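Peer 1: Below is the file target-v1.pdb, which contains PDB, C-alpha atoms, pLDDT in the B column.
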```
ATOM      1  CA  LEU A   1     144.690  86.774 -22.770  1.00 50.00           C
ATOM      2  CA  ASP A   2     144.394  87.036 -18.962  1.00 52.00           C
ATOM      3  CA  GLY A   3     147.378  84.691 -18.524  1.00 58.00           C
ATOM      4  CA  VAL A   4     149.502  86.703 -20.944  1.00 59.00           C
ATOM      5  CA  PHE A   5     148.789  89.950 -19.095  1.00 53.00           C
ATOM      6  CA  ASP A   6     149.353  88.278 -15.719  1.00 54.00           C
ATOM      7  CA  SER A   7     152.796  87.071 -16.790  1.00 58.00           C
ATOM      8  CA  LEU A   8     153.715  90.334 -18.487  1.00 55.00           C
ATOM      9  CA  LEU A   9     152.669  92.560 -15.598  1.00 52.00           C
ATOM     10  CA  SER A  10     154.257  90.329 -12.979  1.00 55.00           C
ATOM     11  CA  ALA A  11     157.547  90.449 -14.872  1.00 54.00           C
ATOM     12  CA  VAL A  12     157.443  94.179 -15.586  1.00 50.00           C
ATOM     13  CA  LEU A  13     155.868  95.695 -12.473  1.00 50.00           C
ATOM     14  CA  VAL A  14     156.969  93.620  -9.511  1.00 50.00           C
ATOM     15  CA  GLY A  15     160.180  95.048  -8.085  1.00 49.00           C
ATOM     16  CA  SER A  16     160.660  97.419 -11.003  1.00 48.00           C
ATOM     17  CA  ASP A  17     161.557 101.078 -10.608  1.00 48.00           C
ATOM     18  CA  GLU A  18     161.277 102.080 -14.260  1.00 50.00           C
ATOM     19  CA  THR A  19     159.318 105.190 -15.273  1.00 47.00           C
ATOM     20  CA  LEU A  20     156.534 103.177 -16.908  1.00 50.00           C
ATOM     21  CA  SER A  21     155.845 101.148 -13.775  1.00 55.00           C
ATOM     22  CA  ASN A  22     156.431 104.001 -11.324  1.00 72.00           C
ATOM     23  CA  TRP A  23     154.643 106.865 -13.048  1.00 75.00           C
ATOM     24  CA  ALA A  24     153.878 108.648  -9.747  1.00 79.00           C
ATOM     25  CA  ALA A  25     157.619 108.919  -8.964  1.00 83.00           C
ATOM     26  CA  TYR A  26     158.209 110.417 -12.407  1.00 82.00           C
ATOM     27  CA  ILE A  27     155.403 112.987 -11.937  1.00 83.00           C
ATOM     28  CA  GLU A  28     156.728 113.763  -8.446  1.00 88.00           C
ATOM     29  CA  ALA A  29     160.145 114.594  -9.909  1.00 88.00           C
ATOM     30  CA  LEU A  30     158.514 116.865 -12.514  1.00 86.00           C
ATOM     31  CA  LEU A  31     156.358 118.775  -9.999  1.00 85.00           C
ATOM     32  CA  ALA A  32     158.791 118.952  -7.049  1.00 87.00           C
ATOM     33  CA  PRO A  33     160.464 122.208  -8.182  1.00 88.00           C
ATOM     34  CA  PHE A  34     157.055 123.915  -8.344  1.00 83.00           C
ATOM     35  CA  ILE A  35     155.015 122.503  -5.454  1.00 83.00           C
ATOM     36  CA  GLU A  36     156.468 122.373  -1.965  1.00 82.00           C
ATOM     37  CA  ASP A  37     156.298 118.898  -0.415  1.00 87.00           C
ATOM     38  CA  ILE A  38     154.663 117.412  -3.517  1.00 87.00           C
ATOM     39  CA  ALA A  39     154.784 113.907  -2.004  1.00 87.00           C
ATOM     40  CA  SER A  40     152.102 114.822   0.540  1.00 89.00           C
ATOM     41  CA  ALA A  41     150.581 118.086  -0.787  1.00 87.00           C
ATOM     42  CA  THR A  42     146.796 117.917  -1.097  1.00 87.00           C
ATOM     43  CA  PHE A  43     144.274 120.012  -2.975  1.00 82.00           C
ATOM     44  CA  GLY A  44     142.859 121.199   0.351  1.00 79.00           C
ATOM     45  CA  ALA A  45     146.195 122.464   1.704  1.00 80.00           C
ATOM     46  CA  GLU A  46     146.602 126.175   2.377  1.00 76.00           C
ATOM     47  CA  ARG A  47     147.655 128.003  -0.768  1.00 72.00           C
ATOM     48  CA  HIS A  48     149.913 131.020  -0.678  1.00 70.00           C
ATOM     49  CA  GLY A  49     149.523 132.051  -4.306  1.00 70.00           C
ATOM     50  CA  ASP A  50     146.253 132.192  -6.200  1.00 71.00           C
ATOM     51  CA  ALA A  51     144.314 131.361  -3.026  1.00 71.00           C
ATOM     52  CA  GLY A  52     141.080 132.675  -4.548  1.00 76.00           C
ATOM     53  CA  VAL A  53     141.268 130.480  -7.660  1.00 79.00           C
ATOM     54  CA  THR A  54     139.070 127.387  -7.952  1.00 81.00           C
ATOM     55  CA  LEU A  55     141.185 124.325  -8.765  1.00 81.00           C
ATOM     56  CA  LEU A  56     139.810 121.647 -11.071  1.00 82.00           C
ATOM     57  CA  GLN A  57     141.710 118.471 -11.968  1.00 84.00           C
ATOM     58  CA  CYS A  58     140.086 115.735 -14.026  1.00 82.00           C
ATOM     59  CA  THR A  59     140.938 112.130 -14.677  1.00 81.00           C
ATOM     60  CA  SER A  60     139.025 108.991 -15.537  1.00 80.00           C
ATOM     61  CA  LEU A  61     138.544 105.681 -13.814  1.00 82.00           C
ATOM     62  CA  PRO A  62     139.108 102.807 -16.241  1.00 81.00           C
ATOM     63  CA  PRO A  63     136.524  99.995 -16.370  1.00 82.00           C
ATOM     64  CA  SER A  64     139.141  97.598 -15.051  1.00 81.00           C
ATOM     65  CA  ALA A  65     142.677  97.954 -13.740  1.00 79.00           C
ATOM     66  CA  TRP A  66     145.666  95.810 -12.924  1.00 75.00           C
ATOM     67  CA  THR A  67     147.002  95.606  -9.405  1.00 76.00           C
ATOM     68  CA  THR A  68     149.835  93.554  -7.974  1.00 74.00           C
ATOM     69  CA  LYS A  69     149.646  91.933  -4.593  1.00 70.00           C
ATOM     70  CA  LYS A  70     152.282  89.568  -3.242  1.00 70.00           C
ATOM     71  CA  GLY A  71     153.923  89.343  -6.663  1.00 76.00           C
ATOM     72  CA  THR A  72     150.796  88.345  -8.583  1.00 80.00           C
ATOM     73  CA  ALA A  73     148.996  90.583 -11.057  1.00 78.00           C
ATOM     74  CA  GLU A  74     145.218  90.729 -10.726  1.00 79.00           C
ATOM     75  CA  ASN A  75     142.690  92.498 -12.907  1.00 79.00           C
ATOM     76  CA  LEU A  76     139.916  94.218 -10.914  1.00 83.00           C
ATOM     77  CA  GLN A  77     136.665  95.038 -12.693  1.00 86.00           C
ATOM     78  CA  LEU A  78     134.818  98.248 -11.832  1.00 87.00           C
ATOM     79  CA  LYS A  79     131.083  97.661 -11.326  1.00 89.00           C
ATOM     80  CA  MET A  80     128.047  99.841 -10.836  1.00 87.00           C
ATOM     81  CA  GLY A  81     125.152  97.982  -9.279  1.00 81.00           C
ATOM     82  CA  ASN A  82     125.768  94.382 -10.340  1.00 82.00           C
ATOM     83  CA  ALA A  83     126.913  95.280 -13.857  1.00 87.00           C
ATOM     84  CA  SER A  84     130.530  95.339 -15.014  1.00 86.00           C
ATOM     85  CA  LEU A  85     131.427  98.542 -16.824  1.00 85.00           C
ATOM     86  CA  ASP A  86     132.919  98.622 -20.312  1.00 84.00           C
ATOM     87  CA  TYR A  87     133.664 102.363 -20.352  1.00 84.00           C
ATOM     88  CA  SER A  88     135.728 104.828 -18.324  1.00 81.00           C
ATOM     89  CA  ILE A  89     134.121 106.979 -15.642  1.00 82.00           C
ATOM     90  CA  PRO A  90     135.098 110.673 -15.820  1.00 83.00           C
ATOM     91  CA  VAL A  91     135.797 112.262 -12.441  1.00 85.00           C
ATOM     92  CA  CYS A  92     137.003 115.749 -11.508  1.00 86.00           C
ATOM     93  CA  HIS A  93     138.115 117.095  -8.158  1.00 86.00           C
ATOM     94  CA  VAL A  94     137.107 120.691  -7.432  1.00 87.00           C
ATOM     95  CA  THR A  95     138.744 122.759  -4.709  1.00 85.00           C
ATOM     96  CA  ALA A  96     136.776 125.898  -3.902  1.00 82.00           C
ATOM     97  CA  GLY A  97     138.219 129.322  -4.488  1.00 76.00           C
ATOM     98  CA  SER A  98     136.614 132.644  -3.682  1.00 71.00           C
ATOM     99  CA  ASP A  99     134.143 132.180  -6.552  1.00 70.00           C
ATOM    100  CA  THR A 100     132.538 128.914  -5.382  1.00 72.00           C
ATOM    101  CA  GLY A 101     131.611 127.180  -2.180  1.00 75.00           C
ATOM    102  CA  PHE A 102     131.938 123.603  -3.477  1.00 81.00           C
ATOM    103  CA  THR A 103     134.875 121.302  -2.751  1.00 85.00           C
ATOM    104  CA  GLY A 104     134.651 117.645  -3.728  1.00 86.00           C
ATOM    105  CA  TRP A 105     134.395 115.203  -6.606  1.00 87.00           C
ATOM    106  CA  LEU A 106     132.263 115.708  -9.684  1.00 84.00           C
ATOM    107  CA  ALA A 107     131.544 112.189 -10.887  1.00 78.00           C
ATOM    108  CA  TYR A 108     129.231 110.600 -13.406  1.00 70.00           C
ATOM    109  CA  PRO A 109     128.130 107.477 -11.508  1.00 75.00           C
ATOM    110  CA  THR A 110     124.638 107.576 -10.094  1.00 74.00           C
ATOM    111  CA  GLU A 111     125.243 104.510  -7.916  1.00 82.00           C
ATOM    112  CA  PRO A 112     128.223 103.471  -5.799  1.00 87.00           C
ATOM    113  CA  LEU A 113     131.143 101.990  -7.737  1.00 88.00           C
ATOM    114  CA  MET A 114     132.373  98.580  -6.604  1.00 88.00           C
ATOM    115  CA  LEU A 115     135.753  96.898  -7.138  1.00 84.00           C
ATOM    116  CA  GLY A 116     135.816  93.302  -8.276  1.00 81.00           C
ATOM    117  CA  ASP A 117     133.461  90.597  -7.078  1.00 80.00           C
ATOM    118  CA  ASN A 118     134.035  91.146  -3.348  1.00 80.00           C
ATOM    119  CA  GLY A 119     131.608  94.053  -3.039  1.00 78.00           C
ATOM    120  CA  VAL A 120     134.284  96.538  -1.929  1.00 85.00           C
ATOM    121  CA  GLU A 121     133.056 100.070  -2.603  1.00 88.00           C
ATOM    122  CA  LEU A 122     135.437 102.436  -4.376  1.00 86.00           C
ATOM    123  CA  VAL A 123     135.613 105.595  -2.260  1.00 86.00           C
ATOM    124  CA  LEU A 124     137.448 108.607  -3.634  1.00 86.00           C
ATOM    125  CA  PRO A 125     139.389 110.566  -0.983  1.00 87.00           C
ATOM    126  CA  ASP A 126     137.880 113.793   0.371  1.00 86.00           C
ATOM    127  CA  ASN A 127     141.198 115.633   0.107  1.00 87.00           C
ATOM    128  CA  PRO A 128     143.286 113.851  -2.544  1.00 88.00           C
ATOM    129  CA  ARG A 129     146.996 114.327  -3.016  1.00 88.00           C
ATOM    130  CA  ILE A 130     147.870 116.522  -5.991  1.00 85.00           C
ATOM    131  CA  LEU A 131     150.480 113.968  -7.030  1.00 85.00           C
ATOM    132  CA  THR A 132     147.991 111.073  -7.102  1.00 82.00           C
ATOM    133  CA  VAL A 133     145.392 112.852  -9.241  1.00 81.00           C
ATOM    134  CA  THR A 134     148.020 114.330 -11.579  1.00 81.00           C
ATOM    135  CA  ALA A 135     149.724 110.968 -12.071  1.00 78.00           C
ATOM    136  CA  GLY A 136     146.345 109.313 -12.652  1.00 73.00           C
ATOM    137  CA  SER A 137     145.302 111.874 -15.237  1.00 70.00           C
ATOM    138  CA  SER A 138     148.529 111.539 -17.214  1.00 65.00           C
ATOM    139  CA  ALA A 139     149.400 107.852 -16.836  1.00 60.00           C
ATOM    140  CA  ALA A 140     151.476 106.598 -19.742  1.00 46.00           C
ATOM    141  CA  GLU A 141     150.099 103.059 -19.684  1.00 53.00           C
ATOM    142  CA  GLY A 142     146.931 104.098 -21.519  1.00 57.00           C
ATOM    143  CA  PHE A 143     144.554 101.301 -22.382  1.00 57.00           C
ATOM    144  CA  PHE A 144     147.137  98.648 -21.429  1.00 63.00           C
ATOM    145  CA  GLY A 145     146.382  99.451 -17.791  1.00 67.00           C
ATOM    146  CA  SER A 146     142.874  98.045 -18.239  1.00 74.00           C
ATOM    147  CA  LEU A 147     142.156  94.555 -19.554  1.00 75.00           C
ATOM    148  CA  THR A 148     138.691  95.693 -20.687  1.00 78.00           C
ATOM    149  CA  MET A 149     140.077  98.613 -22.701  1.00 74.00           C
ATOM    150  CA  THR A 150     142.925  96.508 -24.106  1.00 76.00           C
ATOM    151  CA  LYS A 151     140.472  93.926 -25.451  1.00 80.00           C
ATOM    152  CA  GLN A 152     138.282  96.699 -26.912  1.00 76.00           C
ATOM    153  CA  ASN A 153     141.244  98.347 -28.652  1.00 74.00           C
ATOM    154  CA  ILE A 154     142.619  95.073 -30.015  1.00 80.00           C
ATOM    155  CA  ASP A 155     139.160  94.241 -31.362  1.00 82.00           C
ATOM    156  CA  TYR A 156     138.873  97.706 -32.921  1.00 78.00           C
ATOM    157  CA  ALA A 157     142.364  97.481 -34.478  1.00 80.00           C
ATOM    158  CA  THR A 158     141.538  94.050 -35.895  1.00 84.00           C
ATOM    159  CA  GLN A 159     138.362  95.409 -37.481  1.00 83.00           C
ATOM    160  CA  GLU A 160     140.298  98.317 -38.996  1.00 78.00           C
ATOM    161  CA  VAL A 161     142.961  96.032 -40.469  1.00 79.00           C
ATOM    162  CA  ASP A 162     140.249  93.772 -41.864  1.00 75.00           C
ATOM    163  CA  PHE A 163     138.537  96.804 -43.426  1.00 76.00           C
ATOM    164  CA  LEU A 164     141.797  98.036 -44.987  1.00 78.00           C
ATOM    165  CA  LEU A 165     142.567  94.621 -46.469  1.00 80.00           C
ATOM    166  CA  ARG A 166     139.234  94.380 -48.297  1.00 76.00           C
TER     167      ARG A 166
END
```
What would you get if you wrote out this structure as structure tokens?
Peer 2:
Amino acid sequence: LDGVFDSLLSAVLVGSDETLSNWAAYIEALLAPFIEDIASATFGAERHGDAGVTLLQCTSLPPSAWTTKKGTAENLQLKMGNASLDYSIPVCHVTAGSDTGFTGWLAYPTEPLMLGDNGVELVLPDNPRILTVTAGSSAAEGFFGSLTMTKQNIDYATQEVDFLLR
């Protein structure tokens, strides 16, 4: 299954400018009429309207994700401690308004999250771009963006078909 995904993602993502493989560009085009300089606008930037409102944007970190480097697709596993995760991690970024003094990430993990086997810690940005979080929270790829979730969903679908055929 890894080889199939490697070939598929390399063919689809590398050098492609389609909406599916460039979801951030699609979201940028949707938000550009409403948010000035959406390409670099951050949650911490000065707001001219609704300055007193607390902003909350949520997304989830998949247990694994595909990345392409030098034309080769690689699946990176998210780990907490030494254990690979088989579930998504919910995260929300809060930007303080007049009703709260907290700005930062609300995240489930109780230990640092690591990427792959190299021991590289996943660090969420202090002042994320609105475009990045919005694109991440609405990504069209769904479970196909994560090998772990794809295997889980294929297994589940197979069980359902087996149940229906009995």
Peer 1: A:Thr100, A:Thr134, A:Thr67, A:Thr59: which is nearest Leu30 in chain A, counting all atoms listed in the file?
Peer 2: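 Closest to Leu30 in chain A of all the choices is A:Thr134.
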Peer 1: Could you list, with a cut-off of 12 Å and counting all atoms listed in the file, the residues of range 23-73 of chain A near range 114-122 of chain A, each shown with its nearest atom pair and the distance in Å rounded to one decimal, rows sorted by chain and ascending number, as a Markdown table?
Peer 2:
```
| residue | atom | partner | partner_atom | distance |
| --- | --- | --- | --- | --- |
| A:Leu61 | CA | A:Leu122 | CA | 10.5 |
| A:Pro62 | CA | A:Leu115 | CA | 11.4 |
| A:Pro63 | CA | A:Leu115 | CA | 9.8 |
| A:Ser64 | CA | A:Leu115 | CA | 8.6 |
| A:Ala65 | CA | A:Leu115 | CA | 9.6 |
| A:Trp66 | CA | A:Gly116 | CA | 11.2 |
| A:Thr67 | CA | A:Gly116 | CA | 11.5 |
```
Peer 1: From the list A:Glu74, A:Tyr87, A:Phe43, A:Val94, which residue is nearest Thr148 in chain A when using only C-alpha atoms?
Peer 2: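 Using only C-alpha atoms, the shortest distance to Thr148 in chain A belongs to A:Tyr87.
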Peer 1: Find the distance between CA of Asn127 in chain A and CA of Gly44 in chain A and write it in Å to one decimal.
Peer 2: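 Between CA of Asn127 in chain A and CA of Gly44 in chain A the gap is 5.8 Å.
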Peer 1: To one decimal place in Å, what is the distance between CA of Arg166 in chain A and CA of Thr150 in chain A?
Peer 2: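 We find that CA of Arg166 in chain A and CA of Thr150 in chain A lie 24.6 Å from each other.
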Peer 1: With distances taken over only C-alpha atoms, which of A:Thr72, A:Asn22, A:Ser98, A:Ser84 is nearest to Asp50 in chain A?
Peer 2: A:Ser98
Peer 1: Can you give me, as a PDB file with C-alpha atoms, keeping the file's coordinate frame, the residues this file yields under the PyMOL selection byres ((chain A and resi 55) around 8)?
Peer 2:
```pdb
ATOM      1  CA  PHE A  43     144.274 120.012  -2.975  1.00 82.00           C
ATOM      2  CA  VAL A  53     141.268 130.480  -7.660  1.00 79.00           C
ATOM      3  CA  THR A  54     139.070 127.387  -7.952  1.00 81.00           C
ATOM      4  CA  LEU A  56     139.810 121.647 -11.071  1.00 82.00           C
ATOM      5  CA  GLN A  57     141.710 118.471 -11.968  1.00 84.00           C
ATOM      6  CA  HIS A  93     138.115 117.095  -8.158  1.00 86.00           C
ATOM      7  CA  VAL A  94     137.107 120.691  -7.432  1.00 87.00           C
ATOM      8  CA  THR A  95     138.744 122.759  -4.709  1.00 85.00           C
ATOM      9  CA  ALA A  96     136.776 125.898  -3.902  1.00 82.00           C
ATOM     10  CA  GLY A  97     138.219 129.322  -4.488  1.00 76.00           C
TER      11      GLY A  97
END
```
Peer 1: Could you give me, as JSON, numbers by chain, the residues that have an atom at most 9 Å away from the point (149.8, 124.1, -4.7) in the coordinates of the file, using only C-alpha atoms?
Peer 2: {"A": [34, 35, 36, 38, 41, 42, 43, 45, 46, 47, 48, 49, 50, 130]}
